[in-house]
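Student: input05.txt is reproduced in full below (compact mmCIF, C-alpha atoms).
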```txt
# COMPACT_ATOMS: atom_id res chain seq x y z
CA MET A 3 -79.00 3.19 77.67
CA ALA A 4 -80.50 -0.27 77.70
CA MET A 5 -82.45 -2.01 80.45
CA THR A 6 -82.06 -5.77 80.11
CA LEU A 7 -84.07 -8.35 82.03
CA VAL A 8 -81.71 -10.88 83.57
CA GLU A 9 -84.12 -13.16 85.46
CA THR A 10 -87.59 -13.23 86.99
CA VAL A 11 -88.45 -15.35 90.02
CA GLU A 12 -91.99 -16.37 91.01
CA VAL A 13 -92.36 -17.86 94.47
CA GLY A 14 -94.00 -21.27 94.55
CA SER A 15 -96.70 -22.72 96.78
CA GLY A 16 -94.31 -23.40 99.67
CA GLY A 17 -93.41 -19.72 100.10
CA ALA A 18 -89.87 -18.43 100.62
CA ALA A 19 -88.08 -16.48 103.34
CA ALA A 20 -85.83 -14.79 100.80
CA ILE A 21 -84.91 -14.47 97.15
CA SER A 22 -81.22 -14.29 96.33
CA PHE A 23 -79.62 -13.30 93.02
CA THR A 24 -76.01 -14.52 92.95
CA SER A 25 -73.09 -14.26 90.50
CA ILE A 26 -74.50 -11.04 89.07
CA PRO A 27 -72.71 -10.22 85.80
CA GLN A 28 -70.41 -7.21 86.08
CA THR A 29 -71.32 -6.04 82.61
CA GLY A 30 -73.61 -3.12 83.41
CA LYS A 31 -73.67 0.29 85.03
CA ASP A 32 -76.68 0.09 87.36
CA LEU A 33 -79.10 -2.55 88.60
CA VAL A 34 -82.88 -2.44 88.98
CA VAL A 35 -84.92 -4.92 90.99
CA LEU A 36 -88.70 -4.90 90.56
CA ILE A 37 -90.51 -6.73 93.33
CA SER A 38 -94.17 -7.63 93.73
CA PRO A 39 -94.39 -9.18 97.20
CA ARG A 40 -97.03 -10.42 99.61
CA SER A 41 -96.16 -11.81 103.04
CA THR A 42 -97.57 -14.81 104.87
CA ARG A 43 -97.22 -12.90 108.16
CA VAL A 44 -100.52 -12.81 110.08
CA ASP A 45 -100.68 -9.03 110.26
CA THR A 46 -101.48 -6.12 107.97
CA ASP A 47 -97.95 -5.54 106.76
CA ASP A 48 -94.38 -6.79 106.71
CA GLN A 49 -91.06 -5.10 105.94
CA LEU A 50 -89.12 -5.69 102.75
CA ARG A 51 -85.34 -5.75 103.29
CA ILE A 52 -82.35 -5.93 100.98
CA THR A 53 -78.72 -6.84 101.60
CA PHE A 54 -75.68 -7.14 99.33
CA ASN A 55 -72.91 -9.74 99.09
CA ALA A 56 -74.27 -11.59 102.18
CA SER A 57 -73.06 -8.70 104.34
CA SER A 58 -74.89 -7.73 107.53
CA THR A 59 -72.96 -4.52 108.20
CA GLY A 60 -72.39 -1.09 106.69
CA TYR A 61 -75.93 -0.09 105.69
CA ARG A 62 -77.66 3.23 106.20
CA PHE A 63 -81.05 4.36 104.99
CA ARG A 64 -83.55 7.13 105.41
CA SER A 65 -87.20 6.68 104.60
CA LEU A 66 -90.31 8.74 104.08
CA GLU A 67 -93.56 6.88 104.62
CA GLY A 68 -97.15 7.88 103.96
CA ASP A 69 -100.22 5.92 104.94
CA GLY A 70 -102.92 8.03 103.35
CA SER A 71 -103.64 10.06 106.48
CA GLY A 72 -100.20 11.06 107.72
CA VAL A 73 -96.51 10.91 107.03
CA GLY A 74 -93.56 9.57 108.94
CA ALA A 75 -89.82 9.54 108.50
CA SER A 76 -87.09 7.36 109.91
CA ASP A 77 -83.31 7.20 109.89
CA ALA A 78 -81.42 3.96 110.36
CA SER A 79 -77.68 4.42 110.74
CA PRO A 80 -76.08 1.99 111.00
CA SER A 81 -78.24 -0.94 110.02
CA SER A 82 -77.87 -4.60 109.13
CA TRP A 83 -79.94 -4.08 105.95
CA ILE A 84 -81.80 -1.52 103.89
CA THR A 85 -85.53 -1.54 104.48
CA ALA A 86 -87.48 -0.73 101.32
CA GLY A 87 -90.76 -0.29 103.18
CA PHE A 88 -94.01 -1.91 104.21
CA TYR A 89 -95.80 -4.45 102.03
CA ASN A 90 -99.00 -6.48 102.10
CA ALA A 91 -99.35 -9.28 104.61
CA ALA A 92 -101.88 -12.00 105.26
CA ASN A 93 -104.53 -9.91 107.04
CA ASN A 94 -104.98 -7.63 104.03
CA THR A 95 -107.41 -8.17 101.19
CA ALA A 96 -106.80 -11.55 99.55
CA ASN A 97 -104.57 -11.59 96.49
CA THR A 98 -103.37 -8.00 96.88
CA PHE A 99 -99.65 -7.56 96.30
CA SER A 100 -97.35 -4.58 96.78
CA ASN A 101 -94.94 -3.12 94.23
CA PHE A 102 -91.38 -1.93 94.74
CA ARG A 103 -88.62 -0.62 92.51
CA PHE A 104 -85.10 -0.78 93.87
CA TYR A 105 -82.41 1.13 91.94
CA ILE A 106 -78.74 0.38 92.68
CA MET A 107 -76.34 2.89 91.21
CA ASP A 108 -72.86 1.99 89.92
CA TYR A 109 -72.91 -1.52 91.38
CA ALA A 110 -69.39 -2.35 90.24
CA ASN A 111 -68.04 0.49 92.41
CA THR A 112 -65.71 -0.93 95.07
CA THR A 113 -65.90 1.85 97.62
CA TRP A 114 -69.51 2.90 98.03
CA THR A 115 -72.94 1.84 96.87
CA GLU A 116 -75.98 4.07 96.78
CA THR A 117 -79.55 2.94 96.36
CA PHE A 118 -82.98 4.38 95.94
CA SER A 119 -86.28 2.60 96.28
CA GLU A 120 -89.93 3.45 95.98
CA GLY A 121 -92.85 1.23 96.76
CA VAL A 122 -96.54 1.11 97.44
CA MET A 123 -98.75 -1.19 99.45
CA GLU A 124 -102.28 -1.09 98.02
CA ASN A 125 -104.81 -3.07 100.01
CA ASN A 126 -108.17 -2.23 98.41
CA GLY A 127 -109.02 -1.10 101.94
CA ALA A 128 -108.35 1.66 104.44
CA LEU A 129 -104.69 0.86 105.03
CA SER A 130 -102.09 1.58 102.41
CA PHE A 131 -98.49 2.75 102.42
CA GLN A 132 -96.20 4.71 100.15
CA ASN A 133 -92.47 4.44 100.78
CA LEU A 134 -89.46 6.42 99.51
CA VAL A 135 -86.08 5.24 100.75
CA SER A 136 -82.54 6.38 100.10
CA GLY A 137 -79.85 3.97 101.20
CA SER A 138 -76.15 3.29 101.08
CA TRP A 139 -73.79 0.41 101.71
CA THR A 140 -70.13 0.96 102.56
CA GLY A 141 -68.90 -2.46 101.45
CA SER A 142 -65.58 -2.36 99.62
CA ALA A 143 -66.53 -4.73 96.83
CA ALA A 144 -68.58 -4.71 93.67
CA ILE A 145 -72.06 -6.10 94.21
CA THR A 146 -72.16 -9.70 93.09
CA SER A 147 -75.23 -10.83 94.99
CA ILE A 148 -78.49 -9.31 96.19
CA GLU A 149 -80.75 -10.89 98.78
CA ILE A 150 -84.34 -9.74 99.19
CA ASP A 151 -85.65 -10.75 102.59
CA ALA A 152 -89.33 -11.21 103.38
CA GLY A 153 -89.01 -9.73 106.86
CA ILE A 154 -91.04 -11.43 109.59
CA GLY A 155 -93.10 -13.74 107.39
CA ASN A 156 -92.36 -15.53 104.15
CA PHE A 157 -92.99 -14.38 100.62
CA ALA A 158 -96.36 -15.81 99.65
CA GLN A 159 -96.97 -17.79 96.47
CA TYR A 160 -96.97 -15.66 93.30
CA SER A 161 -94.68 -13.03 94.79
CA THR A 162 -92.18 -12.06 92.10
CA ALA A 163 -88.78 -10.41 91.80
CA SER A 164 -87.06 -9.40 88.56
CA LEU A 165 -83.46 -8.27 88.14
CA TYR A 166 -82.52 -5.88 85.35
CA ILE A 167 -79.13 -4.57 84.28
CA ILE A 168 -78.81 -0.99 83.05
CA SER A 169 -76.00 -0.58 80.55
CA MET B 15 -95.50 -24.21 104.43
CA SER B 16 -92.33 -26.13 105.05
CA ASP B 17 -91.18 -26.24 108.69
CA THR B 18 -87.69 -25.18 107.68
CA PRO B 19 -87.65 -21.76 105.98
CA VAL B 20 -86.34 -21.82 102.44
CA LYS B 21 -85.00 -19.29 100.00
CA VAL B 22 -84.96 -19.12 96.25
CA ILE B 23 -81.45 -18.83 94.87
CA VAL B 24 -80.90 -17.55 91.36
CA ASP B 25 -77.36 -18.43 90.28
CA LEU B 26 -76.71 -16.19 87.28
CA SER B 27 -73.49 -18.02 86.42
CA LYS B 28 -75.64 -20.88 85.11
CA PRO B 29 -77.47 -21.03 81.78
CA ALA B 30 -81.03 -19.71 81.60
CA GLY B 31 -83.50 -22.36 82.71
CA GLN B 32 -81.03 -23.90 85.16
CA ARG B 33 -80.51 -20.94 87.47
CA GLN B 34 -83.25 -21.24 90.10
CA SER B 35 -83.16 -23.58 93.08
CA ILE B 36 -84.96 -23.73 96.42
CA VAL B 37 -82.73 -24.44 99.39
CA PRO B 38 -83.39 -24.65 103.15
CA LEU B 39 -81.84 -21.88 105.22
CA THR B 40 -78.71 -22.93 107.08
CA ALA B 41 -78.73 -23.09 110.88
CA GLU B 42 -76.76 -19.83 110.93
CA GLU B 43 -79.25 -18.16 108.58
CA ILE B 44 -82.18 -19.36 110.69
CA SER B 45 -80.55 -18.03 113.84
CA GLN B 46 -79.90 -14.66 112.18
CA ARG B 47 -83.45 -14.57 110.81
CA GLU B 48 -84.90 -15.19 114.27
CA ALA B 49 -82.79 -12.35 115.68
CA ASP B 50 -83.86 -10.08 112.82
CA ILE B 51 -87.51 -10.91 113.43
CA LEU B 52 -87.21 -10.03 117.12
CA GLN B 53 -85.60 -6.72 116.17
CA ALA B 54 -88.29 -5.99 113.57
CA VAL B 55 -91.10 -6.75 116.04
CA GLN B 56 -89.48 -4.48 118.63
CA GLU B 57 -89.04 -1.67 116.09
CA GLN B 58 -92.66 -2.03 115.03
CA ALA B 59 -93.86 -1.81 118.65
CA GLU B 60 -91.73 1.32 119.18
CA ARG B 61 -93.04 2.88 115.97
CA GLU B 62 -96.65 2.16 116.85
CA ALA B 63 -96.17 3.53 120.38
CA ALA B 64 -94.65 6.72 118.97
CA GLU B 65 -97.53 7.12 116.51
CA GLU B 66 -100.07 6.59 119.29
CA ALA B 67 -98.35 9.14 121.53
CA LYS B 68 -98.28 11.63 118.66
CA ALA B 69 -102.01 11.13 118.01
CA GLU B 70 -102.82 11.55 121.70
CA ALA B 71 -100.76 14.75 121.89
CA LYS B 72 -102.55 16.10 118.84
CA ALA B 73 -105.97 15.32 120.30
CA SER B 74 -104.98 16.97 123.58
CA ALA B 75 -103.73 20.09 121.77
CA LEU B 76 -106.94 20.23 119.73
CA ALA B 77 -109.08 20.10 122.88
CA LYS B 78 -107.05 22.85 124.55
CA LEU B 79 -107.30 25.12 121.52
CA GLU B 80 -111.05 24.60 121.37
CA ALA B 81 -111.25 25.42 125.11
CA LEU B 82 -109.61 28.75 124.27
CA GLY B 83 -112.48 29.57 121.95
CA LEU B 84 -111.20 28.42 118.57
CA SER B 85 -113.58 26.50 116.36
CA GLU B 86 -112.69 22.91 115.56
CA ALA B 87 -111.81 23.92 111.98
CA GLU B 88 -109.54 26.74 113.25
CA ALA B 89 -107.81 24.44 115.72
CA GLN B 90 -107.27 21.78 113.10
CA ALA B 91 -105.89 24.38 110.71
CA ILE B 92 -103.28 25.39 113.29
CA LEU B 93 -102.32 21.76 113.88
CA GLY B 94 -102.24 20.94 110.20
CA ALA B 95 -104.85 18.26 110.77
```
What does the file become when written as structure tokens?
Tutor:
Amino acid sequence: MAMTLVETVEVGSGGAAAISFTSIPQTGKDLVVLISPRSTRVDTDDQLRITFNASSTGYRFRSLEGDGSGVGASDASPSSWITAGFYNAANNTANTFSNFRFYIMDYANTTWTETFSEGVMENNGALSFQNLVSGSWTGSAAITSIEIDAGIGNFAQYSTASLYIIS
Amino acid sequence: MSDTPVKVIVDLSKPAGQRQSIVPLTAEEISQREADILQAVQEQAEREAAEEAKAEAKASALAKLEALGLSEAEAQAILGA
């Protein structure tokens, strides 16, 4: 098995509402997206979302969230996206970024796509989150594009996203 | 920040070094984004209200258990606090 970096994006000073990988080569078995985001939203956190092939239908996900003092769980079926979890926003400690790993199994499959993500929001403060999310997309096409949406705010400068192909 | 939201597009059909571009969201994408934001704000408010109600119920249960004669540590042990 090989894990090959395809491209890394670093958001510039103007921020960005989303990062979109298009024309993804159909040469691998699975995909991995590593994301280090921070939001410009004036709040403590924002929600990281992912969609495939510009589709806004057919998603389901279940999440387990911890904040250091308690746990929560949620079920979104159906949904217009898969939420990977909470990540740092503008009211948190300056220059702190979150980290997420999004694993997309068998992305060339034309009947069903399953995903798994894990992420943490470390704030160097009282508030932090840990997120585990299982998701699926019922689109009947191989995944050729992935859009990572910043949620309510924009991705702040120096946020990064890297796409890897597992083959 | 630009007034019009933008997104970074990485077109992997192009050679390395020429793949990334920054484009303004289309009117349709902006409209969808605004609807998504409203939904996210509503879901956050519902989540926070549920968490607050859960915390209040837990505090109420703790007080009632202590009124029955349990120590605070015993009551918290029952509640998993």
Student: Write out as a PyMOL selection string which residues come within 9 Å of Glu12 of chain A when counting all atoms listed in the file, dropping same-chain ones fewer than 2 positions away.
Tutor: chain A and resi 10+14+159-164
Student: Please report as a PyMOL selection string which residues of chain B come no farther than 6 Å from chain A, using all atoms listed in the file.
Tutor: chain B and resi 15+19-27+51
Student: Please tell me which residues are no farther than 12 Å from (-83.0, -8.2, 117.4) in the file, counting all atoms listed in the file, and write them as a compact mmCIF listing (two decimals) with C-alpha atoms, in the coordinates of the input.
Tutor:
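result_13.txt was written with the following content:
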```
# COMPACT_ATOMS: atom_id res chain seq x y z
CA SER A 81 -78.24 -0.94 110.02
CA SER A 82 -77.87 -4.60 109.13
CA ILE A 154 -91.04 -11.43 109.59
CA SER B 45 -80.55 -18.03 113.84
CA GLN B 46 -79.90 -14.66 112.18
CA ARG B 47 -83.45 -14.57 110.81
CA GLU B 48 -84.90 -15.19 114.27
CA ALA B 49 -82.79 -12.35 115.68
CA ASP B 50 -83.86 -10.08 112.82
CA ILE B 51 -87.51 -10.91 113.43
CA LEU B 52 -87.21 -10.03 117.12
CA GLN B 53 -85.60 -6.72 116.17
CA ALA B 54 -88.29 -5.99 113.57
CA VAL B 55 -91.10 -6.75 116.04
CA GLN B 56 -89.48 -4.48 118.63
CA GLU B 57 -89.04 -1.67 116.09
CA GLN B 58 -92.66 -2.03 115.03
```
Student: Work out how far apart atom CA of Thr59 of chain A and atom CA of Thr117 of chain A are and give it in Å to one decimal.
Tutor: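 Atom-to-atom, atom CA of Thr59 of chain A to atom CA of Thr117 of chain A, that is 15.5 Å.
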Student: Please provide the set of residues having any atom within 10 Å of Asn125 of chain A, restricted to all atoms listed in the file, with same-chain residues fewer than 2 positions apart removed, written as a PDB file with C-alpha atoms, keeping the file's coordinate frame.
Tutor:
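Resulting contents of part_5.pdb:
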```
ATOM      1  CA  THR A  46    -101.480  -6.120 107.970  1.00  0.00           C
ATOM      2  CA  ASP A  47     -97.950  -5.540 106.760  1.00  0.00           C
ATOM      3  CA  TYR A  89     -95.800  -4.450 102.030  1.00  0.00           C
ATOM      4  CA  ASN A  90     -99.000  -6.480 102.100  1.00  0.00           C
ATOM      5  CA  ALA A  91     -99.350  -9.280 104.610  1.00  0.00           C
ATOM      6  CA  ASN A  93    -104.530  -9.910 107.040  1.00  0.00           C
ATOM      7  CA  ASN A  94    -104.980  -7.630 104.030  1.00  0.00           C
ATOM      8  CA  THR A  95    -107.410  -8.170 101.190  1.00  0.00           C
ATOM      9  CA  ALA A  96    -106.800 -11.550  99.550  1.00  0.00           C
ATOM     10  CA  ASN A  97    -104.570 -11.590  96.490  1.00  0.00           C
ATOM     11  CA  THR A  98    -103.370  -8.000  96.880  1.00  0.00           C
ATOM     12  CA  PHE A  99     -99.650  -7.560  96.300  1.00  0.00           C
ATOM     13  CA  SER A 100     -97.350  -4.580  96.780  1.00  0.00           C
ATOM     14  CA  VAL A 122     -96.540   1.110  97.440  1.00  0.00           C
ATOM     15  CA  MET A 123     -98.750  -1.190  99.450  1.00  0.00           C
ATOM     16  CA  GLY A 127    -109.020  -1.100 101.940  1.00  0.00           C
ATOM     17  CA  ALA A 128    -108.350   1.660 104.440  1.00  0.00           C
ATOM     18  CA  LEU A 129    -104.690   0.860 105.030  1.00  0.00           C
ATOM     19  CA  SER A 130    -102.090   1.580 102.410  1.00  0.00           C
ATOM     20  CA  PHE A 131     -98.490   2.750 102.420  1.00  0.00           C
TER      21      PHE A 131
END
```
